[in-house]
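Colleague: Contents of work31.pdb (PDB, C-alpha atoms (C1' of nucleotides)) are given next:
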ATOM      1  CA  MET A 146     -38.328 -17.454  -7.656
ATOM      2  CA  VAL A 147     -34.640 -16.776  -7.915
ATOM      3  CA  VAL A 148     -32.178 -19.652  -7.886
ATOM      4  CA  GLU A 149     -29.911 -19.268  -4.898
ATOM      5  CA  THR A 150     -26.823 -21.224  -6.017
ATOM      6  CA  VAL A 151     -23.563 -19.409  -5.413
ATOM      7  CA  PRO A 152     -21.120 -19.894  -8.277
ATOM      8  CA  SER A 153     -17.435 -20.412  -7.595
ATOM      9  CA  GLN A 154     -14.967 -17.611  -8.193
ATOM     10  CA  ALA A 155     -13.634 -19.490 -11.205
ATOM     11  CA  GLU A 156     -17.133 -19.632 -12.681
ATOM     12  CA  VAL A 157     -17.611 -15.916 -12.165
ATOM     13  CA  ASP A 158     -14.219 -15.360 -13.798
ATOM     14  CA  GLN A 159     -15.393 -17.349 -16.816
ATOM     15  CA  ILE A 160     -18.695 -15.507 -17.080
ATOM     16  CA  PHE A 161     -17.190 -12.025 -17.063
ATOM     17  CA  HIS A 162     -14.278 -13.064 -19.225
ATOM     18  CA  ALA A 163     -16.712 -14.411 -21.794
ATOM     19  CA  LEU A 164     -18.532 -11.077 -21.768
ATOM     20  CA  ALA A 165     -15.305  -9.092 -22.174
ATOM     21  CA  ASP A 166     -15.156  -9.503 -25.957
ATOM     22  CA  ALA A 167     -17.276  -7.653 -28.498
ATOM     23  CA  THR A 168     -17.545 -10.635 -30.850
ATOM     24  CA  ARG A 169     -18.757 -12.892 -28.068
ATOM     25  CA  ARG A 170     -21.287 -10.327 -26.875
ATOM     26  CA  ASP A 171     -22.538 -10.084 -30.445
ATOM     27  CA  ILE A 172     -22.839 -13.862 -30.730
ATOM     28  CA  LEU A 173     -24.776 -13.880 -27.479
ATOM     29  CA  GLU A 174     -27.134 -11.204 -28.807
ATOM     30  CA  ARG A 175     -27.723 -13.145 -32.005
ATOM     31  CA  VAL A 176     -28.699 -16.367 -30.325
ATOM     32  CA  ILE A 177     -30.895 -14.863 -27.626
ATOM     33  CA  GLY A 178     -34.360 -16.225 -28.197
ATOM     34  CA  ARG A 179     -33.430 -17.780 -31.530
ATOM     35  CA  GLU A 180     -30.976 -20.618 -31.985
ATOM     36  CA  GLN A 181     -28.408 -20.412 -34.753
ATOM     37  CA  SER A 182     -25.977 -22.946 -36.170
ATOM     38  CA  VAL A 183     -22.244 -22.477 -35.703
ATOM     39  CA  SER A 184     -21.670 -22.103 -39.445
ATOM     40  CA  THR A 185     -24.397 -19.462 -39.720
ATOM     41  CA  LEU A 186     -22.695 -17.541 -36.950
ATOM     42  CA  GLY A 187     -19.383 -18.041 -38.696
ATOM     43  CA  ARG A 188     -20.615 -16.341 -41.851
ATOM     44  CA  ALA A 189     -21.518 -13.241 -39.869
ATOM     45  CA  TYR A 190     -17.973 -12.327 -38.909
ATOM     46  CA  ALA A 191     -14.813 -11.392 -40.758
ATOM     47  CA  MET A 192     -12.822 -14.199 -39.234
ATOM     48  CA  SER A 193     -12.251 -17.892 -39.746
ATOM     49  CA  LEU A 194     -14.768 -20.465 -38.597
ATOM     50  CA  PRO A 195     -12.452 -22.000 -35.980
ATOM     51  CA  ALA A 196     -12.118 -18.539 -34.420
ATOM     52  CA  VAL A 197     -15.897 -18.326 -34.076
ATOM     53  CA  GLN A 198     -15.970 -21.887 -32.759
ATOM     54  CA  LYS A 199     -13.520 -20.854 -30.059
ATOM     55  CA  HIS A 200     -15.696 -17.900 -29.097
ATOM     56  CA  VAL A 201     -18.723 -20.160 -28.854
ATOM     57  CA  GLY A 202     -16.631 -22.529 -26.752
ATOM     58  CA  VAL A 203     -15.754 -19.748 -24.320
ATOM     59  CA  LEU A 204     -19.409 -18.761 -24.033
ATOM     60  CA  GLU A 205     -20.369 -22.382 -23.538
ATOM     61  CA  ARG A 206     -17.821 -23.016 -20.778
ATOM     62  CA  ALA A 207     -19.145 -19.894 -19.077
ATOM     63  CA  GLY A 208     -22.636 -21.394 -19.280
ATOM     64  CA  LEU A 209     -23.975 -18.420 -21.235
ATOM     65  CA  VAL A 210     -24.901 -20.584 -24.219
ATOM     66  CA  SER A 211     -25.450 -24.276 -24.858
ATOM     67  CA  LYS A 212     -25.043 -26.347 -28.007
ATOM     68  CA  HIS A 213     -27.519 -28.878 -29.335
ATOM     69  CA  ARG A 214     -26.847 -31.087 -32.293
ATOM     70  CA  ALA A 215     -29.491 -31.140 -35.024
ATOM     71  CA  GLY A 216     -28.345 -33.531 -37.709
ATOM     72  CA  ARG A 217     -25.008 -32.447 -39.020
ATOM     73  CA  GLU A 218     -25.251 -28.967 -37.647
ATOM     74  CA  GLN A 219     -24.869 -27.704 -34.125
ATOM     75  CA  HIS A 220     -27.321 -25.155 -32.791
ATOM     76  CA  VAL A 221     -26.236 -22.510 -30.318
ATOM     77  CA  ARG A 222     -28.775 -21.320 -27.780
ATOM     78  CA  ALA A 223     -28.503 -18.571 -25.170
ATOM     79  CA  GLU A 224     -28.992 -19.388 -21.502
ATOM     80  CA  PRO A 225     -30.869 -16.392 -20.094
ATOM     81  CA  GLU A 226     -30.631 -17.628 -16.517
ATOM     82  CA  ARG A 227     -26.876 -17.401 -16.639
ATOM     83  CA  ILE A 228     -27.062 -13.854 -17.942
ATOM     84  CA  ALA A 229     -29.472 -13.053 -15.132
ATOM     85  CA  LEU A 230     -26.990 -14.541 -12.677
ATOM     86  CA  ALA A 231     -24.262 -12.200 -13.877
ATOM     87  CA  ARG A 232     -26.623  -9.294 -13.440
ATOM     88  CA  GLU A 233     -27.478 -10.379  -9.922
ATOM     89  CA  LEU A 234     -23.810 -10.563  -9.040
ATOM     90  CA  LEU A 235     -23.413  -6.926 -10.032
ATOM     91  CA  GLY A 236     -26.574  -6.152  -8.124
ATOM     92  CA  ARG A 237     -24.850  -7.397  -4.991
ATOM     93  CA  TYR A 238     -22.261  -4.633  -5.322
ATOM     94  CA  GLU A 239     -24.929  -1.991  -5.527
ATOM     95  CA  GLU A 240     -26.674  -3.481  -2.533
ATOM     96  CA  LEU A 241     -23.406  -3.484  -0.633
ATOM     97  CA  TRP A 242     -22.911   0.128  -1.604
ATOM     98  CA  ARG A 243     -26.314   1.133  -0.255
ATOM     99  CA  THR A 244     -25.690  -0.841   2.936
ATOM    100  CA  ARG A 245     -22.331   0.798   3.563
ATOM    101  CA  ILE A 246     -23.605   4.278   2.825
ATOM    102  CA  ALA A 247     -26.569   3.731   5.120
ATOM    103  CA  ALA A 248     -24.312   2.430   7.887
ATOM    104  CA  MET A 249     -22.061   5.445   7.547
ATOM    105  CA  ASP A 250     -24.988   7.833   7.710
ATOM    106  CA  ARG A 251     -26.359   6.098  10.759
ATOM    107  CA  LEU A 252     -22.975   6.223  12.476
ATOM    108  CA  LEU A 253     -22.590   9.916  11.790
ATOM    109  CA  ALA A 254     -26.083  10.595  13.093
ATOM    110  CA  GLU A 255     -25.514   8.624  16.295
ATOM    111  CA  ASP A 256     -22.136  10.029  17.222
ATOM    112  CA  PRO A 257     -20.658  12.709  14.969
ATOM    113  CA  THR A 258     -17.345  12.890  16.886
ATOM    114  CA  GLU A 259     -16.488   9.167  16.741
ATOM    115  CA  GLN A 260     -14.580   7.808  13.768
ATOM    116  CA  LYS A 261     -15.119   4.181  12.872
ATOM    117  CA  GLU A 262     -11.840   2.550  11.917
TER     118      GLU A 262
ATOM    119  CA  MET B   5     -32.797   9.416 -13.760
ATOM    120  CA  VAL B   6     -30.579   7.044 -15.636
ATOM    121  CA  VAL B   7     -27.657   8.373 -17.635
ATOM    122  CA  GLU B   8     -28.151   7.470 -21.240
ATOM    123  CA  THR B   9     -24.550   7.514 -22.554
ATOM    124  CA  VAL B  10     -23.641   4.524 -24.661
ATOM    125  CA  PRO B  11     -20.126   3.288 -23.941
ATOM    126  CA  SER B  12     -17.899   2.108 -26.780
ATOM    127  CA  GLN B  13     -17.287  -1.585 -27.294
ATOM    128  CA  ALA B  14     -13.726  -1.124 -26.050
ATOM    129  CA  GLU B  15     -15.036   0.407 -22.828
ATOM    130  CA  VAL B  16     -17.416  -2.481 -22.297
ATOM    131  CA  ASP B  17     -14.511  -4.844 -22.950
ATOM    132  CA  GLN B  18     -12.517  -3.094 -20.224
ATOM    133  CA  ILE B  19     -15.378  -3.157 -17.740
ATOM    134  CA  PHE B  20     -16.066  -6.885 -18.045
ATOM    135  CA  HIS B  21     -12.389  -7.735 -18.272
ATOM    136  CA  ALA B  22     -11.793  -5.843 -15.032
ATOM    137  CA  LEU B  23     -14.570  -7.870 -13.403
ATOM    138  CA  ALA B  24     -13.173 -11.188 -14.665
ATOM    139  CA  ASP B  25     -10.621 -11.535 -11.860
ATOM    140  CA  ALA B  26     -11.351 -12.556  -8.280
ATOM    141  CA  THR B  27      -8.705 -10.263  -6.794
ATOM    142  CA  ARG B  28     -10.090  -7.265  -8.643
ATOM    143  CA  ARG B  29     -13.650  -8.078  -7.630
ATOM    144  CA  ASP B  30     -12.451  -8.309  -4.035
ATOM    145  CA  ILE B  31     -10.705  -4.948  -4.276
ATOM    146  CA  LEU B  32     -13.886  -3.474  -5.672
ATOM    147  CA  GLU B  33     -15.890  -4.906  -2.781
ATOM    148  CA  ARG B  34     -13.457  -3.493  -0.247
ATOM    149  CA  VAL B  35     -13.597   0.048  -1.531
ATOM    150  CA  ILE B  36     -17.330   0.230  -2.091
ATOM    151  CA  GLY B  37     -18.649   2.924   0.202
ATOM    152  CA  ARG B  38     -15.300   3.278   1.992
ATOM    153  CA  GLU B  39     -12.106   4.521   0.428
ATOM    154  CA  GLN B  40      -8.878   2.660   1.091
ATOM    155  CA  SER B  41      -5.264   3.464   0.340
ATOM    156  CA  VAL B  42      -3.311   1.397  -2.161
ATOM    157  CA  SER B  43      -0.897   0.161   0.506
ATOM    158  CA  THR B  44      -3.767  -0.897   2.767
ATOM    159  CA  LEU B  45      -5.192  -2.892  -0.103
ATOM    160  CA  GLY B  46      -1.758  -4.320  -0.800
ATOM    161  CA  ARG B  47      -1.480  -5.752   2.705
ATOM    162  CA  ALA B  48      -4.697  -7.701   2.185
ATOM    163  CA  TYR B  49      -3.378  -9.979  -0.540
ATOM    164  CA  ALA B  50      -0.654 -12.582  -0.814
ATOM    165  CA  MET B  51       1.060 -10.824  -3.673
ATOM    166  CA  SER B  52       3.476  -7.979  -4.205
ATOM    167  CA  LEU B  53       2.335  -4.386  -4.003
ATOM    168  CA  PRO B  54       3.033  -3.661  -7.684
ATOM    169  CA  ALA B  55       0.711  -6.525  -8.568
ATOM    170  CA  VAL B  56      -2.075  -4.924  -6.550
ATOM    171  CA  GLN B  57      -1.249  -1.570  -8.118
ATOM    172  CA  LYS B  58      -1.737  -3.136 -11.525
ATOM    173  CA  HIS B  59      -5.105  -4.540 -10.518
ATOM    174  CA  VAL B  60      -6.185  -1.129  -9.278
ATOM    175  CA  GLY B  61      -4.957   0.319 -12.569
ATOM    176  CA  VAL B  62      -7.141  -2.100 -14.520
ATOM    177  CA  LEU B  63     -10.160  -1.194 -12.408
ATOM    178  CA  GLU B  64      -9.362   2.492 -12.834
ATOM    179  CA  ARG B  65      -9.059   2.304 -16.621
ATOM    180  CA  ALA B  66     -12.406   0.520 -16.648
ATOM    181  CA  GLY B  67     -13.873   3.420 -14.668
ATOM    182  CA  LEU B  68     -14.950   1.141 -11.827
ATOM    183  CA  VAL B  69     -12.757   2.938  -9.287
ATOM    184  CA  SER B  70     -11.004   6.300  -9.091
ATOM    185  CA  LYS B  71      -7.896   7.367  -7.206
ATOM    186  CA  HIS B  72      -7.537  10.501  -5.111
ATOM    187  CA  ARG B  73      -4.332  11.622  -3.529
ATOM    188  CA  ALA B  74      -4.424  12.451   0.172
ATOM    189  CA  GLY B  75      -0.986  13.563   1.230
ATOM    190  CA  ARG B  76       1.480  10.823   0.458
ATOM    191  CA  GLU B  77      -1.104   8.129   0.103
ATOM    192  CA  GLN B  78      -3.522   7.459  -2.711
ATOM    193  CA  HIS B  79      -7.117   6.597  -1.877
ATOM    194  CA  VAL B  80      -9.102   4.214  -4.039
ATOM    195  CA  ARG B  81     -12.824   4.805  -4.324
ATOM    196  CA  ALA B  82     -15.485   2.731  -6.082
ATOM    197  CA  GLU B  83     -17.621   4.301  -8.791
ATOM    198  CA  PRO B  84     -21.086   2.812  -8.275
ATOM    199  CA  GLU B  85     -22.483   4.382 -11.437
ATOM    200  CA  ARG B  86     -20.074   2.407 -13.550
ATOM    201  CA  ILE B  87     -21.095  -0.798 -11.812
ATOM    202  CA  ALA B  88     -24.717   0.123 -12.451
ATOM    203  CA  LEU B  89     -23.878   0.669 -16.113
ATOM    204  CA  ALA B  90     -22.502  -2.865 -16.402
ATOM    205  CA  ARG B  91     -25.664  -4.183 -14.829
ATOM    206  CA  GLU B  92     -27.817  -2.239 -17.251
ATOM    207  CA  LEU B  93     -25.882  -3.656 -20.176
ATOM    208  CA  LEU B  94     -26.752  -7.147 -19.006
ATOM    209  CA  GLY B  95     -30.306  -6.003 -18.480
ATOM    210  CA  ARG B  96     -30.484  -5.192 -22.181
ATOM    211  CA  TYR B  97     -29.888  -8.871 -22.988
ATOM    212  CA  GLU B  98     -32.743  -9.958 -20.794
ATOM    213  CA  GLU B  99     -34.963  -7.335 -22.342
ATOM    214  CA  LEU B 100     -33.968  -8.538 -25.785
ATOM    215  CA  TRP B 101     -34.778 -12.055 -24.704
ATOM    216  CA  ARG B 102     -38.267 -11.119 -23.558
ATOM    217  CA  THR B 103     -38.828  -9.171 -26.773
ATOM    218  CA  ARG B 104     -37.772 -12.058 -28.996
ATOM    219  CA  ILE B 105     -39.789 -14.600 -27.069
ATOM    220  CA  ALA B 106     -42.838 -12.353 -27.201
ATOM    221  CA  ALA B 107     -42.407 -11.834 -30.934
ATOM    222  CA  MET B 108     -42.135 -15.555 -31.478
ATOM    223  CA  ASP B 109     -45.258 -16.238 -29.456
ATOM    224  CA  ARG B 110     -47.158 -13.584 -31.360
ATOM    225  CA  LEU B 111     -46.015 -15.026 -34.664
ATOM    226  CA  LEU B 112     -47.078 -18.505 -33.719
ATOM    227  CA  ALA B 113     -50.448 -17.247 -32.567
ATOM    228  CA  GLU B 114     -51.074 -15.322 -35.777
ATOM    229  CA  ASP B 115     -50.035 -17.992 -38.209
ATOM    230  CA  PRO B 116     -48.993 -21.359 -36.796
ATOM    231  CA  THR B 117     -48.034 -22.803 -40.208
ATOM    232  CA  GLU B 118     -45.599 -20.049 -41.264
ATOM    233  CA  GLN B 119     -41.934 -20.281 -40.310
ATOM    234  CA  LYS B 120     -40.036 -17.044 -39.941
ATOM    235  CA  GLU B 121     -36.595 -17.299 -41.509
TER     236      GLU B 121
ATOM    237  C1'  DC C  58      18.898  16.742   8.231
ATOM    238  C1'  DG C  59      18.079  11.327   7.765
ATOM    239  C1'  DT C  60      14.787   7.632   7.798
ATOM    240  C1'  DT C  61      10.685   5.503   6.913
ATOM    241  C1'  DT C  62       6.512   4.945   4.244
ATOM    242  C1'  DC C  63       3.558   5.218   0.199
ATOM    243  C1'  DT C  64       3.636   5.174  -4.488
ATOM    244  C1'  DA C  65       5.156   4.712  -9.271
ATOM    245  C1'  DC C  66       7.497   2.800 -13.039
ATOM    246  C1'  DA C  67      10.546  -0.170 -15.803
ATOM    247  C1'  DA C  68      12.256  -4.605 -17.043
ATOM    248  C1'  DC C  69      11.641  -9.242 -17.162
ATOM    249  C1'  DC C  70       9.282 -13.868 -17.419
ATOM    250  C1'  DA C  71       5.619 -17.374 -18.015
ATOM    251  C1'  DT C  72       1.189 -18.077 -19.347
ATOM    252  C1'  DC C  73      -2.994 -17.069 -21.677
ATOM    253  C1'  DG C  74      -5.945 -15.215 -25.537
ATOM    254  C1'  DG C  75      -7.417 -14.573 -30.064
ATOM    255  C1'  DG C  76      -6.300 -15.327 -34.459
ATOM    256  C1'  DT C  77      -4.551 -18.372 -38.331
ATOM    257  C1'  DT C  78      -3.973 -22.842 -41.396
ATOM    258  C1'  DG C  79      -4.428 -27.684 -42.104
ATOM    259  C1'  DC C  80      -6.423 -32.067 -41.494
ATOM    260  C1'  DA C  81     -10.132 -35.401 -40.343
ATOM    261  C1'  DG C  82     -14.785 -37.191 -39.041
ATOM    262  C1'  DA C  83     -19.995 -37.111 -39.867
ATOM    263  C1'  DT C  84     -23.872 -36.044 -42.178
ATOM    264  C1'  DT C  85     -26.533 -34.559 -46.122
ATOM    265  C1'  DA C  86     -27.160 -34.044 -51.160
ATOM    266  C1'  DC C  87     -26.617 -35.816 -55.822
TER     267       DC C  87
ATOM    268  C1'  DG D  83     -20.625 -44.165 -54.080
ATOM    269  C1'  DT D  84     -19.002 -39.286 -54.563
ATOM    270  C1'  DA D  85     -19.097 -34.697 -53.493
ATOM    271  C1'  DA D  86     -20.208 -30.943 -50.613
ATOM    272  C1'  DT D  87     -21.164 -29.133 -45.962
ATOM    273  C1'  DC D  88     -20.807 -28.660 -40.972
ATOM    274  C1'  DT D  89     -17.984 -29.408 -37.302
ATOM    275  C1'  DG D  90     -13.980 -30.366 -34.278
ATOM    276  C1'  DC D  91      -9.222 -30.439 -33.078
ATOM    277  C1'  DA D  92      -4.221 -29.740 -33.197
ATOM    278  C1'  DA D  93      -0.332 -26.827 -34.144
ATOM    279  C1'  DC D  94       1.408 -22.477 -34.549
ATOM    280  C1'  DC D  95       2.125 -17.090 -34.014
ATOM    281  C1'  DC D  96       2.064 -13.008 -31.574
ATOM    282  C1'  DG D  97       0.319  -9.608 -28.494
ATOM    283  C1'  DA D  98      -1.757  -9.020 -23.879
ATOM    284  C1'  DT D  99      -1.975 -10.386 -18.891
ATOM    285  C1'  DG D 100      -0.498 -11.288 -14.328
ATOM    286  C1'  DG D 101       3.069 -11.972 -11.632
ATOM    287  C1'  DT D 102       7.980 -10.854 -10.032
ATOM    288  C1'  DT D 103      12.226  -7.785  -8.590
ATOM    289  C1'  DG D 104      14.573  -3.533  -8.530
ATOM    290  C1'  DT D 105      15.039   1.365  -8.567
ATOM    291  C1'  DA D 106      13.428   6.001  -7.483
ATOM    292  C1'  DG D 107      10.579  10.021  -6.152
ATOM    293  C1'  DA D 108       7.632  12.421  -2.724
ATOM    294  C1'  DA D 109       5.629  13.066   1.744
ATOM    295  C1'  DA D 110       5.593  12.305   6.849
ATOM    296  C1'  DC D 111       8.220  11.447  11.053
ATOM    297  C1'  DG D 112      12.364  11.667  14.264
TER     298       DG D 112
END
What does the file become when written as structure tokens?

Modeller:
Amino acid sequence: MVVETVPSQAEVDQIFHALADATRRDILERVIGREQSVSTLGRAYAMSLPAVQKHVGVLERAGLVSKHRAGREQHVRAEPERIALARELLGRYEELWRTRIAAMDRLLAEDPTEQKE
Amino acid sequence: MVVETVPSQAEVDQIFHALADATRRDILERVIGREQSVSTLGRAYAMSLPAVQKHVGVLERAGLVSKHRAGREQHVRAEPERIALARELLGRYEELWRTRIAAMDRLLAEDPTEQKE
DNA sequence: CGTTTCTACAACCATCGGGTTGCAGATTAC
DNA sequence: GTAATCTGCAACCCGATGGTTGTAGAAACG
């Protein structure tokens, strides 16, 4: 069963903004289905650790990952439901597209001379 | 049949960045299945026309809309395939998630004492 | 023709984004 | 206790973004 909560525009902004960076998408890929510590992630990229921390922070605020402390290290975990939500949002556009196209076809079939404004 | 072209990271950046703004998402919604001129779009928002033009430009560079001149006015049209592409990209994450989870389950079933590094 | 409308582009400004370095707190290892 | 590791945060730099105003070209209307 699909969760029916409608996220705010600001939340949607955050989700897509978080996805609009190759490093963040790569981090997301790495932690899907297998948690990784922040420092482990940090070693994977040619940038400073604070930079990676910031990326994780952006993903976390978007709800795409969550952090869980395990001793002195912090584990990053993907949140698949949030990813699914983003996909559903895009699905709405496609649904809207089909609806509009269908409506247009129906209109043309009913009365080819009329123009809907 | 699904088009199998793999977009560059920069293209994916552009696509998600274009989607990370409420005004742009609204523009996209408006032009799905029904073209609209730039000035018509401009009248719909509480901002200057150049601002709306810029938003359309961002959507256009991301491939989510295209512009077509009709006399003196320019019509903006949504590109549903590009939206579908974005959705498929997110679908890859979910697929990866299922794959990883399945692999983990299989590993645990085969040898519960071993820990994969 | 002149006027209006639709569009485009340049310049400017404030804010944000992604990167850096440096410092400090907690936890683990020795 | 001391040292090493993992993390977090603040300050800073610079390029990109999102908005503005102003100017100008091209097409439609009178």

Colleague: I need the output of the PyMOL selection byres ((chain A) within 10 of (chain B)) for this file as number ranges by chain; which residues are they?

Modeller: A: 153-168, 170, 173-179, 223-226, 228-239, 241-249

Colleague: Which residues are near DC94 (chain D)? Cut-off 12 Å, all atoms listed in the file, ignore same chain within fewer than 3 positions. Put them as a list in words.

Modeller: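 My reading of the contact set: DG76, DT77, DT78 and DG79 of chain C.
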
Colleague: Give as a VMD selection string every residue of chain A that touches chain D within 12 Å, counting all atoms listed in the file.

Modeller: chain A and resid 182 to 187 194 to 199 202 214 to 220

Colleague: Taking all atoms of region 153-162 of chain A that appear in the file, build a box with edges along x, y and z, extend it by 6 Å on every side, and state its centre and edge lengths in Å to one decimal, as JSON.

Modeller:
{"center_x": -16.2, "center_y": -16.2, "center_z": -13.4, "size_x": 17.1, "size_y": 20.4, "size_z": 23.6}

Colleague: What would chain B look like once superposed on chain A, with the fit done by least squares over all C-alpha atoms paired in order? Give it as a tab-separated table (two decimals) with C-alpha atoms, in the frame of the given file.

Modeller:
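Listed below is the output, superposed-v3.tsv:
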chain	number	residue	atom	x	y	z
B	5	MET	CA	-38.32	-17.55	-7.70
B	6	VAL	CA	-34.64	-16.86	-7.95
B	7	VAL	CA	-32.18	-19.73	-7.90
B	8	GLU	CA	-29.93	-19.33	-4.92
B	9	THR	CA	-26.82	-21.28	-6.03
B	10	VAL	CA	-23.57	-19.48	-5.42
B	11	PRO	CA	-21.13	-19.94	-8.29
B	12	SER	CA	-17.43	-20.45	-7.59
B	13	GLN	CA	-14.99	-17.62	-8.17
B	14	ALA	CA	-13.62	-19.48	-11.19
B	15	GLU	CA	-17.12	-19.64	-12.68
B	16	VAL	CA	-17.62	-15.93	-12.17
B	17	ASP	CA	-14.23	-15.36	-13.78
B	18	GLN	CA	-15.38	-17.35	-16.82
B	19	ILE	CA	-18.69	-15.52	-17.07
B	20	PHE	CA	-17.20	-12.02	-17.05
B	21	HIS	CA	-14.27	-13.05	-19.21
B	22	ALA	CA	-16.70	-14.42	-21.79
B	23	LEU	CA	-18.53	-11.08	-21.75
B	24	ALA	CA	-15.30	-9.08	-22.15
B	25	ASP	CA	-15.15	-9.49	-25.93
B	26	ALA	CA	-17.27	-7.65	-28.48
B	27	THR	CA	-17.52	-10.63	-30.84
B	28	ARG	CA	-18.73	-12.89	-28.06
B	29	ARG	CA	-21.27	-10.34	-26.87
B	30	ASP	CA	-22.52	-10.09	-30.44
B	31	ILE	CA	-22.82	-13.86	-30.73
B	32	LEU	CA	-24.75	-13.88	-27.49
B	33	GLU	CA	-27.10	-11.21	-28.80
B	34	ARG	CA	-27.69	-13.14	-32.01
B	35	VAL	CA	-28.69	-16.36	-30.32
B	36	ILE	CA	-30.87	-14.86	-27.63
B	37	GLY	CA	-34.36	-16.18	-28.19
B	38	ARG	CA	-33.41	-17.76	-31.53
B	39	GLU	CA	-30.99	-20.60	-32.00
B	40	GLN	CA	-28.40	-20.39	-34.75
B	41	SER	CA	-25.98	-22.91	-36.18
B	42	VAL	CA	-22.25	-22.47	-35.73
B	43	SER	CA	-21.68	-22.07	-39.47
B	44	THR	CA	-24.40	-19.42	-39.71
B	45	LEU	CA	-22.68	-17.52	-36.95
B	46	GLY	CA	-19.36	-18.01	-38.69
B	47	ARG	CA	-20.59	-16.30	-41.84
B	48	ALA	CA	-21.46	-13.19	-39.85
B	49	TYR	CA	-17.90	-12.31	-38.88
B	50	ALA	CA	-14.74	-11.38	-40.72
B	51	MET	CA	-12.75	-14.19	-39.20
B	52	SER	CA	-12.20	-17.88	-39.75
B	53	LEU	CA	-14.75	-20.43	-38.62
B	54	PRO	CA	-12.45	-22.01	-36.03
B	55	ALA	CA	-12.09	-18.59	-34.43
B	56	VAL	CA	-15.86	-18.32	-34.08
B	57	GLN	CA	-15.96	-21.89	-32.78
B	58	LYS	CA	-13.52	-20.88	-30.08
B	59	HIS	CA	-15.65	-17.91	-29.10
B	60	VAL	CA	-18.70	-20.15	-28.86
B	61	GLY	CA	-16.62	-22.54	-26.76
B	62	VAL	CA	-15.74	-19.76	-24.33
B	63	LEU	CA	-19.39	-18.76	-24.04
B	64	GLU	CA	-20.35	-22.40	-23.56
B	65	ARG	CA	-17.81	-23.03	-20.80
B	66	ALA	CA	-19.14	-19.92	-19.08
B	67	GLY	CA	-22.63	-21.40	-19.28
B	68	LEU	CA	-23.95	-18.44	-21.25
B	69	VAL	CA	-24.88	-20.59	-24.25
B	70	SER	CA	-25.44	-24.29	-24.88
B	71	LYS	CA	-25.04	-26.35	-28.03
B	72	HIS	CA	-27.53	-28.87	-29.37
B	73	ARG	CA	-26.91	-31.08	-32.33
B	74	ALA	CA	-29.57	-31.12	-35.04
B	75	GLY	CA	-28.48	-33.52	-37.74
B	76	ARG	CA	-25.13	-32.43	-39.06
B	77	GLU	CA	-25.33	-28.95	-37.69
B	78	GLN	CA	-24.91	-27.71	-34.16
B	79	HIS	CA	-27.34	-25.14	-32.81
B	80	VAL	CA	-26.23	-22.51	-30.33
B	81	ARG	CA	-28.76	-21.32	-27.79
B	82	ALA	CA	-28.47	-18.58	-25.17
B	83	GLU	CA	-28.99	-19.40	-21.51
B	84	PRO	CA	-30.85	-16.39	-20.10
B	85	GLU	CA	-30.62	-17.64	-16.52
B	86	ARG	CA	-26.86	-17.42	-16.63
B	87	ILE	CA	-27.05	-13.87	-17.92
B	88	ALA	CA	-29.46	-13.07	-15.11
B	89	LEU	CA	-27.00	-14.57	-12.64
B	90	ALA	CA	-24.26	-12.20	-13.83
B	91	ARG	CA	-26.64	-9.31	-13.40
B	92	GLU	CA	-27.51	-10.39	-9.89
B	93	LEU	CA	-23.85	-10.58	-8.98
B	94	LEU	CA	-23.47	-6.94	-9.97
B	95	GLY	CA	-26.63	-6.18	-8.07
B	96	ARG	CA	-24.93	-7.43	-4.92
B	97	TYR	CA	-22.33	-4.66	-5.26
B	98	GLU	CA	-24.98	-2.00	-5.46
B	99	GLU	CA	-26.74	-3.50	-2.49
B	100	LEU	CA	-23.47	-3.51	-0.58
B	101	TRP	CA	-22.99	0.10	-1.53
B	102	ARG	CA	-26.38	1.12	-0.20
B	103	THR	CA	-25.75	-0.85	2.99
B	104	ARG	CA	-22.38	0.77	3.62
B	105	ILE	CA	-23.65	4.25	2.88
B	106	ALA	CA	-26.61	3.72	5.18
B	107	ALA	CA	-24.35	2.43	7.94
B	108	MET	CA	-22.10	5.43	7.58
B	109	ASP	CA	-25.02	7.83	7.74
B	110	ARG	CA	-26.37	6.10	10.81
B	111	LEU	CA	-22.98	6.25	12.48
B	112	LEU	CA	-22.60	9.92	11.79
B	113	ALA	CA	-26.07	10.61	13.11
B	114	GLU	CA	-25.47	8.69	16.32
B	115	ASP	CA	-22.09	10.10	17.17
B	116	PRO	CA	-20.67	12.76	14.87
B	117	THR	CA	-17.33	12.98	16.73
B	118	GLU	CA	-16.42	9.27	16.57
B	119	GLN	CA	-14.49	7.91	13.60
B	120	LYS	CA	-15.00	4.28	12.72
B	121	GLU	CA	-11.70	2.62	11.86

Colleague: As a check of understanding, name the residues that the PyMOL selection byres ((chain A and resi 211) around 8) selects in the supplied structure, as an NGL selection string.

Modeller: :A and (205 or 208-210 or 212-213 or 221-224)

Colleague: Please indicate the distance in Å from C1' of DA81 (chain C) to CA of Ala189 (chain A), rounded to one decimal place.

Modeller: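 Spanning C1' of DA81 (chain C) to CA of Ala189 (chain A) is a straight-line distance of 24.9 Å.
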
Colleague: Using all atoms listed in the file, which chain C residues lie at most 9 Å away from chain B, written as a list in words?

Modeller: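 That gives the following set of residues: DT62, DC63, DT64 and DA65 of chain C.
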
Colleague: Any idea what the distance is between CA of Ile172 (chain A) and CA of Ala191 (chain A)?

Modeller: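 One can read the CA of Ile172 (chain A) to CA of Ala191 (chain A) distance as 13.1 Å.
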